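Colleague: Following this line is run-v8.cif, made up of mmCIF, C-alpha atoms:
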data_data
loop_
_atom_site.label_atom_id
_atom_site.label_comp_id
_atom_site.auth_asym_id
_atom_site.auth_seq_id
_atom_site.Cartn_x
_atom_site.Cartn_y
_atom_site.Cartn_z
CA MET A 98 6.09 -49.52 -47.33
CA THR A 99 2.85 -51.50 -47.54
CA SER A 100 -0.75 -50.40 -47.80
CA ARG A 101 -2.90 -50.88 -44.74
CA GLN A 102 -5.13 -53.96 -44.88
CA ASN A 103 -6.24 -54.17 -41.26
CA ARG A 104 -7.12 -51.74 -38.50
CA PRO A 105 -4.19 -50.53 -36.40
CA ARG A 106 -3.60 -52.05 -33.01
CA ASP A 107 -6.06 -50.98 -30.33
CA ARG A 108 -4.06 -48.42 -28.37
CA ALA A 109 -6.64 -48.21 -25.60
CA GLY A 110 -6.27 -51.98 -25.14
CA ARG A 111 -2.52 -51.48 -24.81
CA GLY A 112 -3.03 -48.94 -22.03
CA ILE A 113 -2.08 -45.79 -23.95
CA PRO A 114 -4.46 -42.92 -23.02
CA GLU A 115 -6.05 -40.94 -25.83
CA ALA A 116 -4.50 -37.74 -24.45
CA THR A 117 -1.06 -39.32 -24.85
CA VAL A 118 -1.87 -40.44 -28.40
CA ALA A 119 -2.88 -36.85 -29.20
CA ARG A 120 0.52 -35.57 -27.98
CA LEU A 121 2.65 -38.11 -29.83
CA PRO A 122 2.50 -36.23 -33.17
CA VAL A 123 3.67 -33.09 -31.36
CA TYR A 124 6.66 -34.95 -29.93
CA LEU A 125 7.38 -36.42 -33.36
CA ARG A 126 7.37 -32.98 -34.97
CA ALA A 127 9.82 -31.66 -32.37
CA LEU A 128 12.04 -34.73 -32.74
CA THR A 129 12.04 -34.49 -36.53
CA ALA A 130 13.23 -30.88 -36.28
CA LEU A 131 16.05 -32.01 -33.96
CA GLN A 132 16.93 -34.83 -36.34
CA ASP A 133 17.11 -32.40 -39.26
CA ARG A 134 19.61 -30.34 -37.25
CA GLY A 135 21.77 -33.39 -36.63
CA VAL A 136 20.97 -33.64 -32.90
CA ALA A 137 21.67 -37.18 -31.67
CA THR A 138 20.28 -37.08 -28.12
CA VAL A 139 17.86 -34.85 -26.26
CA SER A 140 16.95 -34.50 -22.60
CA SER A 141 13.34 -34.78 -21.46
CA GLU A 142 13.44 -31.12 -20.42
CA GLU A 143 14.63 -29.98 -23.86
CA LEU A 144 12.11 -32.12 -25.71
CA ALA A 145 9.29 -31.07 -23.39
CA ALA A 146 10.11 -27.39 -23.97
CA ALA A 147 10.13 -27.92 -27.74
CA ALA A 148 6.75 -29.69 -27.54
CA GLY A 149 5.17 -27.20 -25.13
CA VAL A 150 4.50 -29.64 -22.26
CA ASN A 151 6.09 -30.24 -18.88
CA SER A 152 8.87 -32.80 -18.66
CA ALA A 153 7.04 -35.06 -16.18
CA LYS A 154 4.11 -35.42 -18.57
CA LEU A 155 6.47 -36.13 -21.47
CA ARG A 156 8.34 -38.83 -19.55
CA LYS A 157 5.05 -40.46 -18.57
CA ASP A 158 3.80 -40.34 -22.16
CA LEU A 159 6.97 -41.91 -23.53
CA SER A 160 6.94 -44.59 -20.85
CA HIS A 161 3.77 -45.95 -22.50
CA LEU A 162 5.97 -46.71 -25.52
CA GLY A 163 8.53 -48.45 -23.33
CA SER A 164 10.98 -45.59 -23.75
CA TYR A 165 12.56 -44.28 -20.55
CA GLY A 166 15.70 -42.56 -21.78
CA THR A 167 19.13 -42.83 -20.17
CA ARG A 168 19.95 -40.92 -17.00
CA GLY A 169 22.45 -38.17 -17.77
CA VAL A 170 22.11 -38.71 -21.51
CA GLY A 171 18.42 -38.42 -22.38
CA TYR A 172 16.66 -39.95 -25.36
CA GLU A 173 18.22 -41.08 -28.60
CA VAL A 174 16.47 -38.89 -31.18
CA GLU A 175 16.58 -41.30 -34.13
CA TYR A 176 15.25 -44.26 -32.13
CA LEU A 177 12.52 -42.20 -30.49
CA VAL A 178 11.41 -40.97 -33.93
CA TYR A 179 11.14 -44.62 -34.97
CA GLN A 180 9.25 -45.63 -31.81
CA ILE A 181 6.66 -42.87 -32.13
CA SER A 182 6.31 -43.35 -35.90
CA ARG A 183 5.70 -47.05 -35.39
CA GLU A 184 3.13 -46.41 -32.64
CA LEU A 185 1.28 -43.92 -34.83
CA GLY A 186 1.32 -46.32 -37.76
CA LEU A 187 3.55 -44.10 -39.87
CA THR A 188 5.83 -46.94 -40.90
CA GLN A 189 3.02 -48.02 -43.25
CA ASP A 190 1.68 -46.40 -46.41
CA TRP A 191 -1.71 -44.85 -45.58
CA VAL A 192 -3.79 -44.11 -48.66
CA VAL A 193 -5.90 -40.96 -48.62
CA ALA A 194 -8.76 -39.69 -50.77
CA ILE A 195 -9.70 -35.99 -50.73
CA ILE A 196 -13.36 -35.31 -51.43
CA GLY A 197 -14.14 -31.72 -52.32
CA VAL A 198 -11.59 -29.91 -54.47
CA GLY A 199 -12.37 -26.28 -53.79
CA ASN A 200 -9.71 -23.90 -52.49
CA LEU A 201 -9.13 -25.95 -49.34
CA GLY A 202 -9.11 -29.26 -51.16
CA ARG A 203 -6.58 -27.95 -53.67
CA ALA A 204 -4.34 -26.72 -50.88
CA LEU A 205 -4.51 -30.11 -49.16
CA ALA A 206 -3.76 -31.91 -52.43
CA GLY A 207 -0.62 -29.82 -52.86
CA TYR A 208 0.63 -30.22 -49.29
CA GLY A 209 4.05 -31.83 -49.47
CA GLY A 210 4.03 -32.97 -45.85
CA PHE A 211 1.70 -35.89 -46.52
CA ALA A 212 4.20 -38.07 -48.38
CA SER A 213 7.03 -37.44 -45.92
CA ARG A 214 4.80 -38.59 -43.05
CA GLY A 215 3.53 -41.81 -44.60
CA PHE A 216 0.34 -40.59 -46.31
CA ARG A 217 -0.25 -41.03 -50.04
CA VAL A 218 -3.05 -39.08 -51.70
CA ALA A 219 -4.48 -41.47 -54.28
CA GLY A 220 -7.70 -39.74 -55.25
CA LEU A 221 -9.27 -36.30 -55.68
CA LEU A 222 -13.04 -36.22 -56.14
CA ASP A 223 -15.61 -33.51 -56.72
CA ALA A 224 -19.19 -33.15 -57.95
CA ASP A 225 -18.56 -29.95 -59.94
CA GLU A 226 -18.32 -30.80 -63.64
CA SER A 227 -16.10 -27.74 -64.20
CA ILE A 228 -13.52 -29.16 -61.78
CA VAL A 229 -13.73 -32.83 -62.77
CA GLY A 230 -10.93 -33.68 -65.19
CA GLN A 231 -8.59 -30.94 -64.02
CA GLU A 232 -4.99 -31.82 -63.19
CA ILE A 233 -4.11 -30.79 -59.63
CA SER A 234 -0.75 -31.65 -58.07
CA GLY A 235 -0.20 -34.37 -60.63
CA MET A 236 -3.61 -36.01 -60.14
CA THR A 237 -6.77 -35.90 -62.21
CA VAL A 238 -9.93 -34.89 -60.35
CA GLU A 239 -12.48 -37.70 -60.59
CA HIS A 240 -16.27 -37.34 -60.45
CA ILE A 241 -17.82 -38.08 -57.07
CA ASP A 242 -19.79 -40.89 -58.74
CA ARG A 243 -16.52 -42.86 -58.79
CA LEU A 244 -16.00 -42.57 -55.04
CA GLU A 245 -16.58 -46.22 -54.22
CA ASP A 246 -14.41 -47.37 -57.13
CA ILE A 247 -11.52 -45.12 -56.06
CA ILE A 248 -11.72 -46.42 -52.49
CA ALA A 249 -11.73 -50.04 -53.64
CA ASP A 250 -9.12 -49.70 -56.39
CA HIS A 251 -6.56 -47.84 -54.26
CA GLY A 252 -7.28 -49.34 -50.84
CA VAL A 253 -8.15 -45.95 -49.32
CA SER A 254 -7.66 -45.91 -45.55
CA ILE A 255 -8.54 -42.29 -44.74
CA ALA A 256 -11.13 -40.01 -46.34
CA VAL A 257 -10.60 -36.25 -46.13
CA ILE A 258 -13.93 -34.43 -46.48
CA ALA A 259 -13.55 -30.82 -47.65
CA THR A 260 -17.03 -30.38 -49.13
CA PRO A 261 -19.68 -27.76 -48.32
CA ALA A 262 -21.60 -28.51 -45.12
CA GLY A 263 -24.75 -29.56 -46.93
CA SER A 264 -23.14 -32.49 -48.73
CA ALA A 265 -20.66 -33.63 -46.07
CA GLN A 266 -22.92 -36.12 -44.27
CA GLY A 267 -23.96 -37.84 -47.50
CA VAL A 268 -20.32 -38.14 -48.57
CA CYS A 269 -19.39 -39.47 -45.13
CA ASP A 270 -22.14 -42.09 -45.32
CA ARG A 271 -20.82 -43.26 -48.66
CA VAL A 272 -17.18 -43.56 -47.60
CA VAL A 273 -18.18 -45.45 -44.45
CA ALA A 274 -20.40 -47.80 -46.48
CA ALA A 275 -17.41 -48.38 -48.78
CA GLY A 276 -15.34 -49.58 -45.82
CA VAL A 277 -13.39 -46.48 -44.78
CA THR A 278 -13.28 -46.17 -41.00
CA SER A 279 -11.13 -43.03 -40.58
CA VAL A 280 -12.40 -39.60 -41.63
CA LEU A 281 -10.76 -36.17 -41.42
CA ASN A 282 -13.56 -33.62 -41.62
CA PHE A 283 -12.95 -30.03 -42.74
CA ALA A 284 -16.64 -29.33 -43.46
CA PRO A 285 -18.31 -26.98 -40.96
CA VAL A 286 -20.71 -29.62 -39.66
CA VAL A 287 -20.68 -32.42 -37.09
CA LEU A 288 -20.78 -35.79 -38.83
CA SER A 289 -22.77 -38.74 -37.53
CA VAL A 290 -20.94 -42.04 -37.87
CA PRO A 291 -21.46 -45.59 -36.55
CA ASP A 292 -19.36 -47.17 -33.83
CA GLY A 293 -15.94 -48.17 -35.05
CA VAL A 294 -15.50 -45.13 -37.29
CA ASP A 295 -13.04 -42.44 -36.17
CA VAL A 296 -13.70 -38.82 -37.14
CA ARG A 297 -11.31 -35.94 -36.52
CA LYS A 298 -12.77 -32.50 -37.13
CA VAL A 299 -10.73 -29.48 -38.20
CA ASP A 300 -12.65 -26.20 -37.89
CA LEU A 301 -10.50 -23.16 -38.59
CA SER A 302 -13.26 -20.71 -37.68
CA ILE A 303 -13.58 -22.21 -34.19
CA GLU A 304 -9.82 -22.01 -33.67
CA LEU A 305 -9.88 -18.35 -34.74
CA GLN A 306 -12.74 -17.62 -32.33
CA ILE A 307 -10.79 -19.20 -29.48
CA LEU A 308 -7.78 -17.05 -30.35
CA ALA A 309 -10.06 -13.98 -30.47
CA PHE A 310 -11.24 -14.85 -26.95
CA HIS A 311 -7.66 -14.91 -25.66
CA GLU A 312 -6.72 -11.74 -27.56
CA GLN A 313 -9.65 -9.96 -25.91
CA ARG A 314 -8.45 -11.08 -22.47
CA LYS A 315 -4.87 -9.96 -23.16
CA ALA A 316 -6.17 -6.57 -24.22
CA GLY A 317 -7.96 -6.15 -20.87
CA GLY A 318 -11.32 -7.16 -22.31
CA PRO A 319 -14.35 -8.41 -20.43
CA ASP A 320 -14.10 -11.08 -17.75
CA GLY A 321 -17.00 -10.30 -15.38
CA LEU A 322 -20.73 -10.38 -16.02
CA THR A 323 -23.08 -7.44 -16.40
CA PRO A 324 -26.38 -7.00 -18.26
CA LEU A 325 -26.16 -5.66 -21.79
CA ALA A 326 -26.98 -2.05 -22.28
CA ALA A 327 -30.52 -1.28 -23.42
CA GLY A 328 -30.94 -1.93 -27.11
CA ASP A 329 -27.94 -4.25 -27.35
CA ALA A 330 -29.93 -7.47 -26.96
CA PRO A 331 -32.71 -8.87 -29.15
CA PRO A 332 -36.24 -8.08 -27.89
CA GLY A 333 -37.34 -10.46 -25.14
CA ALA A 334 -33.87 -11.96 -24.71
CA THR A 335 -31.77 -11.80 -21.56
CA HIS A 336 -28.06 -11.58 -22.28
CA TYR A 337 -24.99 -10.82 -20.28
CA VAL A 338 -21.59 -9.61 -21.30
CA GLU A 339 -18.43 -9.90 -19.32
CA THR A 340 -16.67 -6.85 -17.88
CA VAL A 341 -13.38 -6.38 -16.14
CA GLU A 342 -13.69 -6.53 -12.37
CA ALA A 343 -12.38 -3.60 -10.47
#
Using structure tokens, write down the structure from this file.
Modeller:
Amino acid sequence: MTSRQNRPRDRAGRGIPEATVARLPVYLRALTALQDRGVATVSSEELAAAAGVNSAKLRKDLSHLGSYGTRGVGYEVEYLVYQISRELGLTQDWVVAIIGVGNLGRALAGYGGFASRGFRVAGLLDADESIVGQEISGMTVEHIDRLEDIIADHGVSIAVIATPAGSAQGVCDRVVAAGVTSVLNFAPVVLSVPDGVDVRKVDLSIELQILAFHEQRKAGGPDGLTPLAAGDAPPGATHYVETVEA
């Protein structure tokens, strides 16, 4: 494998919709599981079910890669794994730096799935003097002052920001200024970046709130609108809560 030196090919320019790009890792995960079980071929219906999409959408997505399967046989699992991996850039070695080595940062540093998917964690950085110098998952935590040096020395392609919200934007500004154009943000804040920089945000609290919404609906919770009872809303505020329609 080789370290990335240039930006990946422009997928939008190649006619692959962003929604399709977002589903490719899901297909790859399902295919990898099939490969691990020794499955050689898979139908579009079986792969779609494993990925949680309908088969027509899956076939259209894979057609953007030039893969159409064989009627009566389906898709060759090994080759489709290669096609999707190549399209996602996973046939290269993508170097990652994790900034912020609290509980979340430590968990990310120890995640074994990075290496098997083409990502190599080359740096752990933190501003806390009590953490700097510690050995975590075989790596020594460096001081945040060395951020630019770590990026340059290791050819970092992706920065993972797992800092507190208050310091995330400053860290992001520094990694962008150092030439990193892909950021995975775990901090509970929206980052502002210039054009040409890609940010993916992971917010566990938002995902939990969305699940709470669906749990409430499944339990027969509110889905209509009615004014709050007296005393339930802040003074001077007009609020509504949802109730089940008769």
Colleague: Between CA of Gly202 in chain A and CA of Leu308 in chain A, what is the distance, to one decimal in Å?
Modeller: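 For CA of Gly202 in chain A relative to CA of Leu308 in chain A, the distance reads 24.2 Å.
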Colleague: Write out as a ChimeraX atom specification which residues come within 12 Å of Met236 in chain A when counting all atoms listed in the file, dropping same-chain ones fewer than 5 positions away.
Modeller: /A:194-195,198,203,206-207,217-222,229-231
Colleague: How would you write, as a PyMOL selection string, the residues chosen by the PyMOL selection byres ((chain A and resi 294) around 12) on this structure?
Modeller: chain A and resi 104+254-256+269-270+272-274+276-281+288-293+295-297
Colleague: Can you tell me, as number ranges by chain, what residues are no more than 12 Å from Thr138 in chain A when counting all atoms listed in the file, ignoring any on the same chain fewer than 3 positions away?
Modeller: A: 128, 131-132, 134-135, 141-144, 166-178
Colleague: Mind telling me what the PyMOL selection byres ((chain A and resi 150-158) around 10) catches here, as an mmCIF file with C-alpha atoms, keeping the file's coordinate frame?
Modeller:
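expr-v5.cif, written as the output of this step:
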data_model
loop_
_atom_site.group_PDB
_atom_site.id
_atom_site.type_symbol
_atom_site.label_atom_id
_atom_site.label_comp_id
_atom_site.auth_asym_id
_atom_site.auth_seq_id
_atom_site.Cartn_x
_atom_site.Cartn_y
_atom_site.Cartn_z
ATOM 1 C CA ILE A 113 -2.080 -45.790 -23.950
ATOM 2 C CA PRO A 114 -4.460 -42.920 -23.020
ATOM 3 C CA ALA A 116 -4.500 -37.740 -24.450
ATOM 4 C CA THR A 117 -1.060 -39.320 -24.850
ATOM 5 C CA VAL A 118 -1.870 -40.440 -28.400
ATOM 6 C CA ARG A 120 0.520 -35.570 -27.980
ATOM 7 C CA LEU A 121 2.650 -38.110 -29.830
ATOM 8 C CA VAL A 123 3.670 -33.090 -31.360
ATOM 9 C CA TYR A 124 6.660 -34.950 -29.930
ATOM 10 C CA SER A 140 16.950 -34.500 -22.600
ATOM 11 C CA SER A 141 13.340 -34.780 -21.460
ATOM 12 C CA GLU A 142 13.440 -31.120 -20.420
ATOM 13 C CA GLU A 143 14.630 -29.980 -23.860
ATOM 14 C CA LEU A 144 12.110 -32.120 -25.710
ATOM 15 C CA ALA A 145 9.290 -31.070 -23.390
ATOM 16 C CA ALA A 146 10.110 -27.390 -23.970
ATOM 17 C CA ALA A 147 10.130 -27.920 -27.740
ATOM 18 C CA ALA A 148 6.750 -29.690 -27.540
ATOM 19 C CA GLY A 149 5.170 -27.200 -25.130
ATOM 20 C CA LEU A 159 6.970 -41.910 -23.530
ATOM 21 C CA SER A 160 6.940 -44.590 -20.850
ATOM 22 C CA HIS A 161 3.770 -45.950 -22.500
ATOM 23 C CA LEU A 162 5.970 -46.710 -25.520
ATOM 24 C CA GLY A 163 8.530 -48.450 -23.330
ATOM 25 C CA SER A 164 10.980 -45.590 -23.750
ATOM 26 C CA TYR A 165 12.560 -44.280 -20.550
ATOM 27 C CA GLY A 166 15.700 -42.560 -21.780
#
Colleague: Could you please determine the separation between CA of His251 in chain A and CA of Val192 in chain A in Å, to one decimal place?
Modeller: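 Taking CA of His251 in chain A and CA of Val192 in chain A, their separation equals 7.3 Å.
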Colleague: What gap, in Å, lies between CA of Ala284 in chain A and CA of Leu244 in chain A?
Modeller: 17.6 Å
Colleague: For a cutoff of 7 Å around the file-coordinate point (-19.7, -33.9, -55.8), which residues qualify once you count only C-alpha atoms? I'd like the result as a list in words.
Modeller: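 Protein, DNA and RNA residues close to (-19.7, -33.9, -55.8): Gly197, Asp223, Ala224, Asp225, His240 and Ile241 of chain A.
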Colleague: Write out as AutoDock Vina command-line options an axis-aligned box for range 210-226 of chain A: all of its atoms listed in the file, 6 Å added on each side, centre and edge lengths in Å with one decimal.
Modeller:
--center_x -6.1 --center_y -35.9 --center_z -53.3 --size_x 38.2 --size_y 23.9 --size_z 32.6
Colleague: With distances taken over only C-alpha atoms, which residue among A:Glu115, A:Val136, A:Leu185, A:Ile196 lies nearest Val268 in chain A?
Modeller: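 Ranked by minimum distance to Val268 in chain A, first place goes to A:Ile196.
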Colleague: Which of these residues is nearest to Asp300 in chain A, using all atoms listed in the file: A:Ala137, A:Ala259, A:Val253, A:Ala275?
Modeller: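 Using all atoms listed in the file, Asp300 in chain A sits closest to A:Ala259.
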Colleague: So which residues touch Phe283 in chain A within 8 Å, counting all atoms listed in the file, skipping near sequence neighbours fewer than 4 positions away, as a compact mmCIF listing (two decimals) with C-alpha atoms, in the frame of the given file?
Modeller:
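Final file, part.txt:
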# COMPACT_ATOMS: atom_id res chain seq x y z
CA VAL A 257 -10.60 -36.25 -46.13
CA ILE A 258 -13.93 -34.43 -46.48
CA ALA A 259 -13.55 -30.82 -47.65
CA THR A 260 -17.03 -30.38 -49.13
CA LYS A 298 -12.77 -32.50 -37.13
CA VAL A 299 -10.73 -29.48 -38.20
CA ASP A 300 -12.65 -26.20 -37.89
Colleague: Pick from A:Ala265, A:Arg126, A:Thr188, A:Glu232: nearest to Gly210 in chain A, with all atoms listed in the file counted?
Modeller: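 Nearest to Gly210 in chain A: A:Arg126.
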